>>> print(open('start-v4.tsv').read())   # TSV, C-alpha atoms
chain	number	residue	atom	x	y	z
A	1	ALA	CA	0.00	0.00	0.00
A	2	GLN	CA	1.09	3.55	-0.63
A	3	SER	CA	2.18	5.64	2.28
A	4	VAL	CA	3.65	9.09	2.61
A	5	THR	CA	5.46	10.16	5.76
A	6	GLN	CA	6.17	13.75	6.65
A	7	LEU	CA	8.85	13.63	9.27
A	8	ASP	CA	8.04	16.87	11.08
A	9	SER	CA	4.59	17.86	12.27
A	10	GLN	CA	5.68	21.43	13.04
A	11	VAL	CA	8.61	23.53	11.84
A	12	PRO	CA	9.19	26.97	13.38
A	13	VAL	CA	11.67	29.26	11.65
A	14	PHE	CA	12.62	32.91	11.62
A	15	GLU	CA	11.95	35.14	8.66
A	16	GLU	CA	14.66	35.02	5.94
A	17	ALA	CA	16.04	31.73	7.26
A	18	PRO	CA	16.19	28.65	5.00
A	19	VAL	CA	13.74	25.81	5.58
A	20	GLU	CA	13.42	22.16	4.63
A	21	LEU	CA	10.23	20.14	5.03
A	22	ARG	CA	10.88	16.42	4.83
A	23	CYS	CA	8.82	13.83	3.01
A	24	ASN	CA	9.39	10.12	2.42
A	25	TYR	CA	7.29	7.94	0.15
A	26	SER	CA	6.92	4.19	0.00
A	27	SER	CA	5.93	3.27	-3.54
A	28	SER	CA	8.26	0.99	-5.45
A	29	VAL	CA	6.53	1.51	-8.79
A	30	SER	CA	6.41	4.58	-10.99
A	31	VAL	CA	5.50	7.41	-8.70
A	32	TYR	CA	4.35	10.98	-9.10
A	33	LEU	CA	4.97	13.33	-6.20
A	34	PHE	CA	3.37	16.60	-5.21
A	35	TRP	CA	3.59	19.30	-2.60
A	36	TYR	CA	0.43	21.21	-1.71
A	37	VAL	CA	0.06	24.23	0.56
A	38	GLN	CA	-2.93	25.12	2.69
A	39	TYR	CA	-3.21	28.65	4.02
A	40	PRO	CA	-5.45	29.18	7.08
A	41	ASN	CA	-9.14	28.52	6.36
A	42	GLN	CA	-8.50	27.79	2.70
A	43	GLY	CA	-8.34	24.77	0.43
A	44	LEU	CA	-5.16	23.22	-0.86
A	45	GLN	CA	-3.23	24.56	-3.81
A	46	LEU	CA	-0.43	22.95	-5.75
A	47	LEU	CA	3.11	24.16	-5.02
A	48	LEU	CA	5.01	21.82	-7.32
A	49	LYS	CA	5.02	18.35	-8.78
A	50	TYR	CA	7.48	15.70	-9.92
A	51	LEU	CA	6.36	13.51	-12.80
A	52	SER	CA	9.65	12.54	-14.48
A	53	GLY	CA	12.90	14.06	-15.77
A	54	SER	CA	15.04	16.41	-13.70
A	55	THR	CA	15.09	15.47	-10.05
A	56	LEU	CA	15.08	19.13	-8.96
A	57	VAL	CA	11.65	20.63	-9.34
A	58	LYS	CA	10.89	24.31	-8.97
A	59	GLY	CA	7.48	25.53	-7.88
A	60	ILE	CA	5.66	28.70	-7.02
A	61	ASN	CA	6.68	31.22	-4.36
A	62	GLY	CA	10.37	30.26	-4.53
A	63	PHE	CA	9.94	26.68	-3.32
A	64	GLU	CA	11.79	23.73	-4.81
A	65	ALA	CA	11.95	20.02	-4.10
A	66	GLU	CA	14.37	17.25	-4.92
A	67	PHE	CA	13.33	13.76	-5.88
A	68	ASN	CA	15.71	11.16	-4.48
A	69	LYS	CA	14.82	7.66	-5.62
A	70	SER	CA	17.50	5.87	-3.59
A	71	GLN	CA	16.30	7.49	-0.37
A	72	THR	CA	12.61	7.52	-1.44
A	73	SER	CA	12.45	11.17	-0.43
A	74	PHE	CA	10.96	14.35	-1.85
A	75	HIS	CA	12.00	17.13	0.51
A	76	LEU	CA	10.71	20.69	0.05
A	77	ARG	CA	13.09	23.61	0.44
A	78	LYS	CA	13.14	27.37	0.35
A	79	PRO	CA	16.34	29.39	0.81
A	80	SER	CA	14.68	32.35	2.53
A	81	VAL	CA	11.19	32.26	3.99
A	82	HIS	CA	8.69	35.07	4.49
A	83	ILE	CA	5.98	35.58	7.06
A	84	SER	CA	3.47	34.88	4.29
A	85	ASP	CA	4.83	31.32	3.94
A	86	THR	CA	3.19	30.41	7.24
A	87	ALA	CA	0.83	27.57	6.30
A	88	GLU	CA	0.41	23.81	6.40
A	89	TYR	CA	2.25	21.85	3.73
A	90	PHE	CA	1.24	18.44	2.44
A	91	CYS	CA	3.31	15.96	0.51
A	92	ALA	CA	1.31	13.61	-1.71
A	93	GLU	CA	1.99	10.62	-3.91
A	94	SER	CA	0.21	9.09	-6.85
A	95	ASN	CA	1.47	5.88	-8.37
A	96	ALA	CA	0.90	3.73	-11.40
A	97	GLY	CA	0.44	0.42	-9.68
A	98	GLY	CA	-1.83	-1.64	-7.44
A	99	THR	CA	-5.31	-0.97	-6.22
A	100	SER	CA	-4.61	2.69	-5.50
A	101	TYR	CA	-3.63	3.38	-9.11
A	102	GLY	CA	-3.72	7.06	-9.91
A	103	LYS	CA	-5.15	8.26	-6.62
A	104	LEU	CA	-3.45	10.77	-4.35
A	105	THR	CA	-2.21	9.65	-0.95
A	106	PHE	CA	-1.36	12.50	1.41
A	107	GLY	CA	1.11	12.78	4.22
A	108	GLN	CA	0.09	13.99	7.66
A	109	GLY	CA	1.02	17.59	6.99
A	110	THR	CA	3.74	19.93	8.32
A	111	ILE	CA	2.81	23.24	9.87
A	112	LEU	CA	5.40	25.86	8.94
A	113	THR	CA	5.39	28.90	11.20
A	114	VAL	CA	7.57	31.83	10.22
A	115	HIS	CA	8.42	34.22	13.05
A	116	PRO	CA	9.54	37.84	12.58
B	1	ASN	CA	-13.03	31.92	-11.91
B	2	ALA	CA	-15.02	29.94	-9.36
B	3	GLY	CA	-13.11	26.65	-9.66
B	4	VAL	CA	-14.48	24.22	-7.07
B	5	THR	CA	-17.36	25.46	-4.92
B	6	GLN	CA	-18.51	23.70	-1.76
B	7	THR	CA	-21.60	24.39	0.29
B	8	PRO	CA	-22.12	24.88	3.14
B	9	LYS	CA	-18.90	26.25	4.64
B	10	PHE	CA	-19.90	25.41	8.22
B	11	GLN	CA	-22.44	23.00	9.69
B	12	VAL	CA	-23.34	21.69	13.12
B	13	LEU	CA	-25.35	18.48	13.29
B	14	LYS	CA	-26.80	16.43	16.09
B	15	THR	CA	-25.90	12.77	16.27
B	16	GLY	CA	-28.21	10.80	13.98
B	17	GLN	CA	-29.13	13.69	11.72
B	18	SER	CA	-28.50	13.51	8.00
B	19	MET	CA	-27.12	16.05	5.58
B	20	THR	CA	-25.68	16.43	2.11
B	21	LEU	CA	-22.53	18.34	1.27
B	22	GLN	CA	-22.63	19.87	-2.17
B	23	CYS	CA	-19.73	20.33	-4.58
B	24	ALA	CA	-19.64	21.82	-8.06
B	25	GLN	CA	-16.76	22.52	-10.45
B	26	ASP	CA	-16.76	24.70	-13.53
B	27	MET	CA	-13.54	23.46	-15.14
B	28	ASN	CA	-15.12	20.63	-17.17
B	29	HIS	CA	-13.09	18.10	-15.18
B	30	ASN	CA	-13.79	14.42	-15.49
B	31	SER	CA	-12.76	13.31	-12.00
B	32	MET	CA	-14.00	14.46	-8.61
B	33	TYR	CA	-13.13	13.49	-5.06
B	34	TRP	CA	-14.20	13.87	-1.46
B	35	TYR	CA	-11.59	14.00	1.29
B	36	ARG	CA	-11.74	14.49	5.01
B	37	GLN	CA	-9.02	16.28	6.93
B	38	ASP	CA	-8.31	15.48	10.56
B	39	PRO	CA	-5.46	16.87	12.69
B	40	GLY	CA	-2.26	14.86	12.31
B	41	MET	CA	-3.77	12.56	9.69
B	42	GLY	CA	-3.52	14.58	6.51
B	43	LEU	CA	-6.27	14.15	3.95
B	44	ARG	CA	-7.98	10.81	3.53
B	45	LEU	CA	-9.99	9.87	0.48
B	46	ILE	CA	-13.63	9.04	1.19
B	47	TYR	CA	-15.05	8.49	-2.30
B	48	TYR	CA	-14.11	9.44	-5.80
B	49	SER	CA	-15.67	9.58	-9.23
B	50	ALA	CA	-13.27	8.92	-12.07
B	51	SER	CA	-15.82	10.05	-14.63
B	52	GLU	CA	-19.48	10.95	-14.91
B	53	GLY	CA	-21.61	7.96	-14.02
B	54	THR	CA	-19.02	6.16	-11.89
B	55	THR	CA	-18.18	6.29	-8.20
B	56	ASP	CA	-15.77	4.24	-6.11
B	57	LYS	CA	-14.82	3.89	-2.48
B	58	GLY	CA	-11.67	5.45	-1.16
B	59	GLU	CA	-9.81	4.85	2.06
B	60	VAL	CA	-12.57	5.74	4.56
B	61	PRO	CA	-16.02	5.29	2.96
B	62	ASN	CA	-17.99	3.93	5.93
B	63	GLY	CA	-20.89	6.14	6.95
B	64	TYR	CA	-20.96	8.06	3.67
B	65	ASN	CA	-22.66	7.88	0.30
B	66	VAL	CA	-22.02	9.89	-2.84
B	67	SER	CA	-23.82	10.89	-6.01
B	68	ARG	CA	-22.23	12.11	-9.22
B	69	LEU	CA	-25.25	14.07	-10.37
B	70	ASN	CA	-23.68	15.20	-13.63
B	71	LYS	CA	-20.22	16.15	-14.82
B	72	ARG	CA	-20.19	19.30	-12.67
B	73	GLU	CA	-21.62	18.10	-9.38
B	74	PHE	CA	-20.55	15.52	-6.81
B	75	SER	CA	-22.38	15.36	-3.49
B	76	LEU	CA	-21.50	13.61	-0.24
B	77	ARG	CA	-24.24	12.39	2.08
B	78	LEU	CA	-24.10	11.50	5.74
B	79	GLU	CA	-27.17	9.38	6.45
B	80	SER	CA	-26.81	9.24	10.24
B	81	ALA	CA	-24.11	11.56	11.51
B	82	ALA	CA	-21.77	10.43	14.28
B	83	PRO	CA	-19.29	12.45	16.37
B	84	SER	CA	-16.46	10.58	14.62
B	85	GLN	CA	-17.49	12.35	11.43
B	86	THR	CA	-16.56	15.73	12.88
B	87	SER	CA	-13.97	16.92	10.39
B	88	VAL	CA	-13.18	19.32	7.58
B	89	TYR	CA	-14.38	17.98	4.25
B	90	PHE	CA	-12.77	18.93	0.96
B	91	CYS	CA	-14.03	18.38	-2.52
B	92	ALA	CA	-11.51	18.29	-5.36
B	93	SER	CA	-11.54	17.82	-9.10
B	94	SER	CA	-9.01	16.99	-11.78
B	95	GLU	CA	-8.96	16.62	-15.52
B	96	GLY	CA	-8.02	12.96	-15.26
B	97	ILE	CA	-7.59	10.68	-12.32
B	98	PHE	CA	-4.25	12.08	-11.09
B	99	LEU	CA	-2.24	10.85	-14.06
B	100	LEU	CA	0.45	12.69	-15.95
B	101	ASN	CA	0.15	16.46	-16.11
B	102	THR	CA	-3.02	16.61	-14.07
B	103	GLU	CA	-3.48	18.59	-10.92
B	104	ALA	CA	-6.15	18.45	-8.26
B	105	PHE	CA	-8.07	21.64	-7.56
B	106	PHE	CA	-9.63	21.93	-4.12
B	107	GLY	CA	-12.63	23.71	-2.73
B	108	GLN	CA	-12.39	25.80	0.41
B	109	GLY	CA	-13.76	23.09	2.66
B	110	THR	CA	-16.79	22.40	4.84
B	111	ARG	CA	-16.20	22.41	8.57
B	112	LEU	CA	-18.63	19.89	10.07
B	113	THR	CA	-19.22	19.38	13.78
B	114	VAL	CA	-21.39	16.53	15.04
B	115	VAL	CA	-22.53	16.90	18.65
>>> encode(input="start-v4.tsv", output="structure tokens")
Amino acid sequence: AQSVTQLDSQVPVFEEAPVELRCNYSSSVSVYLFWYVQYPNQGLQLLLKYLSGSTLVKGINGFEAEFNKSQTSFHLRKPSVHISDTAEYFCAESNAGGTSYGKLTFGQGTILTVHP
Amino acid sequence: NAGVTQTPKFQVLKTGQSMTLQCAQDMNHNSMYWYRQDPGMGLRLIYYSASEGTTDKGEVPNGYNVSRLNKREFSLRLESAAPSQTSVYFCASSEGIFLLNTEAFFGQGTRLTVV
């Protein structure tokens, strides 16, 4: 079965500091990976996605993520965060095999809080 | 652009009451989904509809039913609400069922409390 693990439930950082939000996936078949962001009292919106090709994926708002097949990881990074980046971030996986073919499986979420 | 619209935004139910959560999308998407979001558990798939006329169970379907009324609308029904169904419910849609180059678009959520 698919599973996605976000290793930190909460990450506090100061403004302009770098941040990394960690995500590990379990699928051994072709996998598509996503990061979504949820601002307070809103729905989720796509930050970036990895489908194939370059392992470094750039998304909106200065975020990027690196696909690492050997470590089954897809960590999200930003070199300098802003107060407006405060939100909950979800890693998600969709794979091309098994009974969960094509459906998104989400991690537990990481709450990023940026302090002034 | 409206995108995915959910109604209502908030609801309080008594145990045993029934209600229907409505969802509509205006992007001509084929696939629609219902998720519930609980603290520390991420989003879990309740039901999905890969295309008009089809529905399938997701990870946590017990206590729910769905109807894909037409291509635009996908409703979620709680026949007899229980406190365990207190959650935030999200509807989403995508062009295809999460395959290459598709993206899920989410509504703003329905916050449901069952007392």
>>> residues_around(input="start-v4.tsv", residues="A:Pro18", least_positions_apart="4", cutoff="8 Å", atoms="only C-alpha atoms", output="mmCIF file with C-alpha atoms, keeping the file's coordinate frame")
data_model
loop_
_atom_site.group_PDB
_atom_site.id
_atom_site.type_symbol
_atom_site.label_atom_id
_atom_site.label_comp_id
_atom_site.auth_asym_id
_atom_site.auth_seq_id
_atom_site.Cartn_x
_atom_site.Cartn_y
_atom_site.Cartn_z
ATOM 1 C CA ARG A 77 13.090 23.610 0.440
ATOM 2 C CA LYS A 78 13.140 27.370 0.350
ATOM 3 C CA PRO A 79 16.340 29.390 0.810
ATOM 4 C CA SER A 80 14.680 32.350 2.530
ATOM 5 C CA VAL A 81 11.190 32.260 3.990
#
>>> closest_residue(input="start-v4.tsv", among="A:Ile111, A:Val29, A:Cys23, A:Leu44", to="A:Gln71", atoms="all atoms listed in the file")
A:Cys23
>>> closest_residue(input="start-v4.tsv", among="A:Thr113, A:Thr5, A:Gln42, A:Ser52", to="chain B", atoms="all atoms listed in the file")
A:Gln42
>>> closest_atom_pairs(input="start-v4.tsv", of="chain B", to="chain A", cutoff="10 Å", atoms="all atoms listed in the file", output="JSON lines")
{"residue": "B:Val4", "atom": "CA", "partner": "A:Gly43", "partner_atom": "CA", "distance": 9.7}
{"residue": "B:Tyr33", "atom": "CA", "partner": "A:Lys103", "partner_atom": "CA", "distance": 9.7}
{"residue": "B:Gln37", "atom": "CA", "partner": "A:Gln108", "partner_atom": "CA", "distance": 9.4}
{"residue": "B:Asp38", "atom": "CA", "partner": "A:Gln108", "partner_atom": "CA", "distance": 9.0}
{"residue": "B:Pro39", "atom": "CA", "partner": "A:Gln108", "partner_atom": "CA", "distance": 8.0}
{"residue": "B:Gly40", "atom": "CA", "partner": "A:Gln108", "partner_atom": "CA", "distance": 5.3}
{"residue": "B:Met41", "atom": "CA", "partner": "A:Gln108", "partner_atom": "CA", "distance": 4.6}
{"residue": "B:Gly42", "atom": "CA", "partner": "A:Gln108", "partner_atom": "CA", "distance": 3.8}
{"residue": "B:Leu43", "atom": "CA", "partner": "A:Phe106", "partner_atom": "CA", "distance": 5.8}
{"residue": "B:Arg44", "atom": "CA", "partner": "A:Phe106", "partner_atom": "CA", "distance": 7.2}
{"residue": "B:Leu45", "atom": "CA", "partner": "A:Thr105", "partner_atom": "CA", "distance": 7.9}
{"residue": "B:Tyr48", "atom": "CA", "partner": "A:Lys103", "partner_atom": "CA", "distance": 9.1}
{"residue": "B:Ala50", "atom": "CA", "partner": "A:Lys103", "partner_atom": "CA", "distance": 9.8}
{"residue": "B:Gly58", "atom": "CA", "partner": "A:Ser100", "partner_atom": "CA", "distance": 8.7}
{"residue": "B:Glu59", "atom": "CA", "partner": "A:Ser100", "partner_atom": "CA", "distance": 9.4}
{"residue": "B:Tyr89", "atom": "CA", "partner": "A:Gly43", "partner_atom": "CA", "distance": 9.9}
{"residue": "B:Phe90", "atom": "CA", "partner": "A:Gly43", "partner_atom": "CA", "distance": 7.3}
{"residue": "B:Cys91", "atom": "CA", "partner": "A:Gly43", "partner_atom": "CA", "distance": 9.1}
{"residue": "B:Ala92", "atom": "CA", "partner": "A:Leu44", "partner_atom": "CA", "distance": 9.2}
{"residue": "B:Gly96", "atom": "CA", "partner": "A:Gly102", "partner_atom": "CA", "distance": 9.1}
{"residue": "B:Ile97", "atom": "CA", "partner": "A:Gly102", "partner_atom": "CA", "distance": 5.8}
{"residue": "B:Phe98", "atom": "CA", "partner": "A:Gly102", "partner_atom": "CA", "distance": 5.2}
{"residue": "B:Leu99", "atom": "CA", "partner": "A:Gly102", "partner_atom": "CA", "distance": 5.8}
{"residue": "B:Leu100", "atom": "CA", "partner": "A:Leu51", "partner_atom": "CA", "distance": 6.7}
{"residue": "B:Asn101", "atom": "CA", "partner": "A:Leu51", "partner_atom": "CA", "distance": 7.6}
{"residue": "B:Thr102", "atom": "CA", "partner": "A:Lys49", "partner_atom": "CA", "distance": 9.8}
{"residue": "B:Glu103", "atom": "CA", "partner": "A:Leu46", "partner_atom": "CA", "distance": 7.4}
{"residue": "B:Ala104", "atom": "CA", "partner": "A:Leu46", "partner_atom": "CA", "distance": 7.7}
{"residue": "B:Phe105", "atom": "CA", "partner": "A:Gln45", "partner_atom": "CA", "distance": 6.8}
{"residue": "B:Phe106", "atom": "CA", "partner": "A:Gly43", "partner_atom": "CA", "distance": 5.5}
{"residue": "B:Gly107", "atom": "CA", "partner": "A:Gly43", "partner_atom": "CA", "distance": 5.4}
{"residue": "B:Gln108", "atom": "CA", "partner": "A:Gly43", "partner_atom": "CA", "distance": 4.2}
{"residue": "B:Gly109", "atom": "CA", "partner": "A:Gly43", "partner_atom": "CA", "distance": 6.1}
{"residue": "B:Thr110", "atom": "CA", "partner": "A:Gly43", "partner_atom": "CA", "distance": 9.8}
{"residue": "B:Arg111", "atom": "CA", "partner": "A:Asn41", "partner_atom": "CA", "distance": 9.6}
>>> atom_distance(input="start-v4.tsv", atom1="atom CA of B:Val66", atom2="atom CA of B:Tyr47")
7.1 Å
>>> closest_residue(input="start-v4.tsv", among="B:Gln6, B:Asn62, B:Thr15, B:Ser67", to="B:Val88", atoms="only C-alpha atoms")
B:Gln6
>>> residues_around(input="start-v4.tsv", residues="A:Gly59", least_positions_apart="3", cutoff="6 Å", atoms="all atoms listed in the file", output="list in words")
Leu47, Leu48, Phe63 and Glu64 of chain A
>>> write_last_selection(input="start-v4.tsv", atoms="C-alpha atoms", output="mmCIF file, in the coordinates of the input")
data_model
loop_
_atom_site.group_PDB
_atom_site.id
_atom_site.type_symbol
_atom_site.label_atom_id
_atom_site.label_comp_id
_atom_site.auth_asym_id
_atom_site.auth_seq_id
_atom_site.Cartn_x
_atom_site.Cartn_y
_atom_site.Cartn_z
ATOM 1 C CA LEU A 47 3.110 24.160 -5.020
ATOM 2 C CA LEU A 48 5.010 21.820 -7.320
ATOM 3 C CA PHE A 63 9.940 26.680 -3.320
ATOM 4 C CA GLU A 64 11.790 23.730 -4.810
#
>>> residues_around(input="start-v4.tsv", residues="B:Gln85", least_positions_apart="3", cutoff="12 Å", atoms="all atoms listed in the file", output="ChimeraX atom specification")
/B:11-19,35-38,46,60-64,77-82,88-89,111-115
>>> atom_distance(input="start-v4.tsv", atom1="atom CA of A:Asp8", atom2="atom CA of B:Thr86")
24.7 Å
>>> decode(input="start-v4.tsv", residues="stretch 43-54 of chain A", atoms="all heavy atoms", output="short mmCIF file (atom, residue, chain, number, x, y, z; two decimals), in the first residue's frame")
data_model
loop_
_atom_site.label_atom_id
_atom_site.label_comp_id
_atom_site.auth_asym_id
_atom_site.auth_seq_id
_atom_site.Cartn_x
_atom_site.Cartn_y
_atom_site.Cartn_z
N GLY A 43 -8.61 26.09 1.00
CA GLY A 43 -8.34 24.77 0.43
C GLY A 43 -6.88 24.61 0.09
O GLY A 43 -6.07 25.49 0.35
N LEU A 44 -6.55 23.49 -0.50
CA LEU A 44 -5.16 23.22 -0.86
C LEU A 44 -4.88 23.73 -2.26
O LEU A 44 -5.73 23.70 -3.14
CB LEU A 44 -4.89 21.71 -0.84
CG LEU A 44 -4.67 21.06 0.51
CD1 LEU A 44 -5.94 20.98 1.31
CD2 LEU A 44 -4.07 19.66 0.32
N GLN A 45 -3.65 24.18 -2.47
CA GLN A 45 -3.23 24.56 -3.81
C GLN A 45 -1.87 23.95 -4.10
O GLN A 45 -1.05 23.77 -3.20
CB GLN A 45 -3.21 26.08 -4.00
CG GLN A 45 -2.23 26.83 -3.14
CD GLN A 45 -2.34 28.33 -3.37
OE1 GLN A 45 -3.16 29.01 -2.80
NE2 GLN A 45 -1.46 28.84 -4.22
N LEU A 46 -1.64 23.64 -5.35
CA LEU A 46 -0.43 22.95 -5.75
C LEU A 46 0.77 23.89 -5.71
O LEU A 46 0.75 24.98 -6.26
CB LEU A 46 -0.59 22.40 -7.16
CG LEU A 46 0.55 21.55 -7.69
CD1 LEU A 46 0.64 20.24 -6.92
CD2 LEU A 46 0.36 21.28 -9.18
N LEU A 47 1.85 23.43 -5.03
CA LEU A 47 3.11 24.16 -5.02
C LEU A 47 4.02 23.70 -6.15
O LEU A 47 4.60 24.50 -6.87
CB LEU A 47 3.86 23.89 -3.72
CG LEU A 47 3.75 24.86 -2.56
CD1 LEU A 47 4.67 24.39 -1.43
CD2 LEU A 47 4.12 26.26 -2.97
N LEU A 48 4.16 22.38 -6.29
CA LEU A 48 5.01 21.82 -7.32
C LEU A 48 4.73 20.34 -7.46
O LEU A 48 4.07 19.75 -6.60
CB LEU A 48 6.50 22.05 -7.01
CG LEU A 48 7.02 21.67 -5.63
CD1 LEU A 48 7.28 20.19 -5.49
CD2 LEU A 48 8.29 22.47 -5.30
N LYS A 49 5.24 19.77 -8.55
CA LYS A 49 5.02 18.35 -8.78
C LYS A 49 6.23 17.75 -9.50
O LYS A 49 6.91 18.43 -10.27
CB LYS A 49 3.75 18.11 -9.60
CG LYS A 49 3.77 18.77 -10.96
CD LYS A 49 2.42 18.63 -11.66
CE LYS A 49 2.41 19.39 -12.99
NZ LYS A 49 1.06 19.39 -13.62
N TYR A 50 6.47 16.47 -9.22
CA TYR A 50 7.48 15.70 -9.92
C TYR A 50 6.77 14.57 -10.68
O TYR A 50 6.10 13.73 -10.07
CB TYR A 50 8.52 15.11 -8.96
CG TYR A 50 9.43 14.14 -9.66
CD1 TYR A 50 10.49 14.61 -10.45
CD2 TYR A 50 9.22 12.76 -9.59
CE1 TYR A 50 11.31 13.72 -11.14
CE2 TYR A 50 10.04 11.88 -10.27
CZ TYR A 50 11.08 12.37 -11.04
OH TYR A 50 11.88 11.49 -11.72
N LEU A 51 6.95 14.57 -11.98
CA LEU A 51 6.36 13.51 -12.80
C LEU A 51 7.46 12.63 -13.39
O LEU A 51 7.37 11.40 -13.39
CB LEU A 51 5.50 14.11 -13.91
CG LEU A 51 4.36 15.02 -13.43
CD1 LEU A 51 3.60 15.60 -14.62
CD2 LEU A 51 3.42 14.27 -12.51
N SER A 52 8.51 13.26 -13.92
CA SER A 52 9.65 12.54 -14.48
C SER A 52 10.71 13.58 -14.84
O SER A 52 10.49 14.79 -14.68
CB SER A 52 9.25 11.74 -15.72
OG SER A 52 8.84 12.61 -16.74
N GLY A 53 11.87 13.12 -15.30
CA GLY A 53 12.90 14.06 -15.77
C GLY A 53 13.77 14.56 -14.64
O GLY A 53 14.15 13.80 -13.74
N SER A 54 14.12 15.83 -14.68
CA SER A 54 15.04 16.41 -13.70
C SER A 54 14.54 16.17 -12.29
O SER A 54 13.37 16.33 -11.98
CB SER A 54 15.18 17.91 -13.94
OG SER A 54 15.93 18.50 -12.89
#
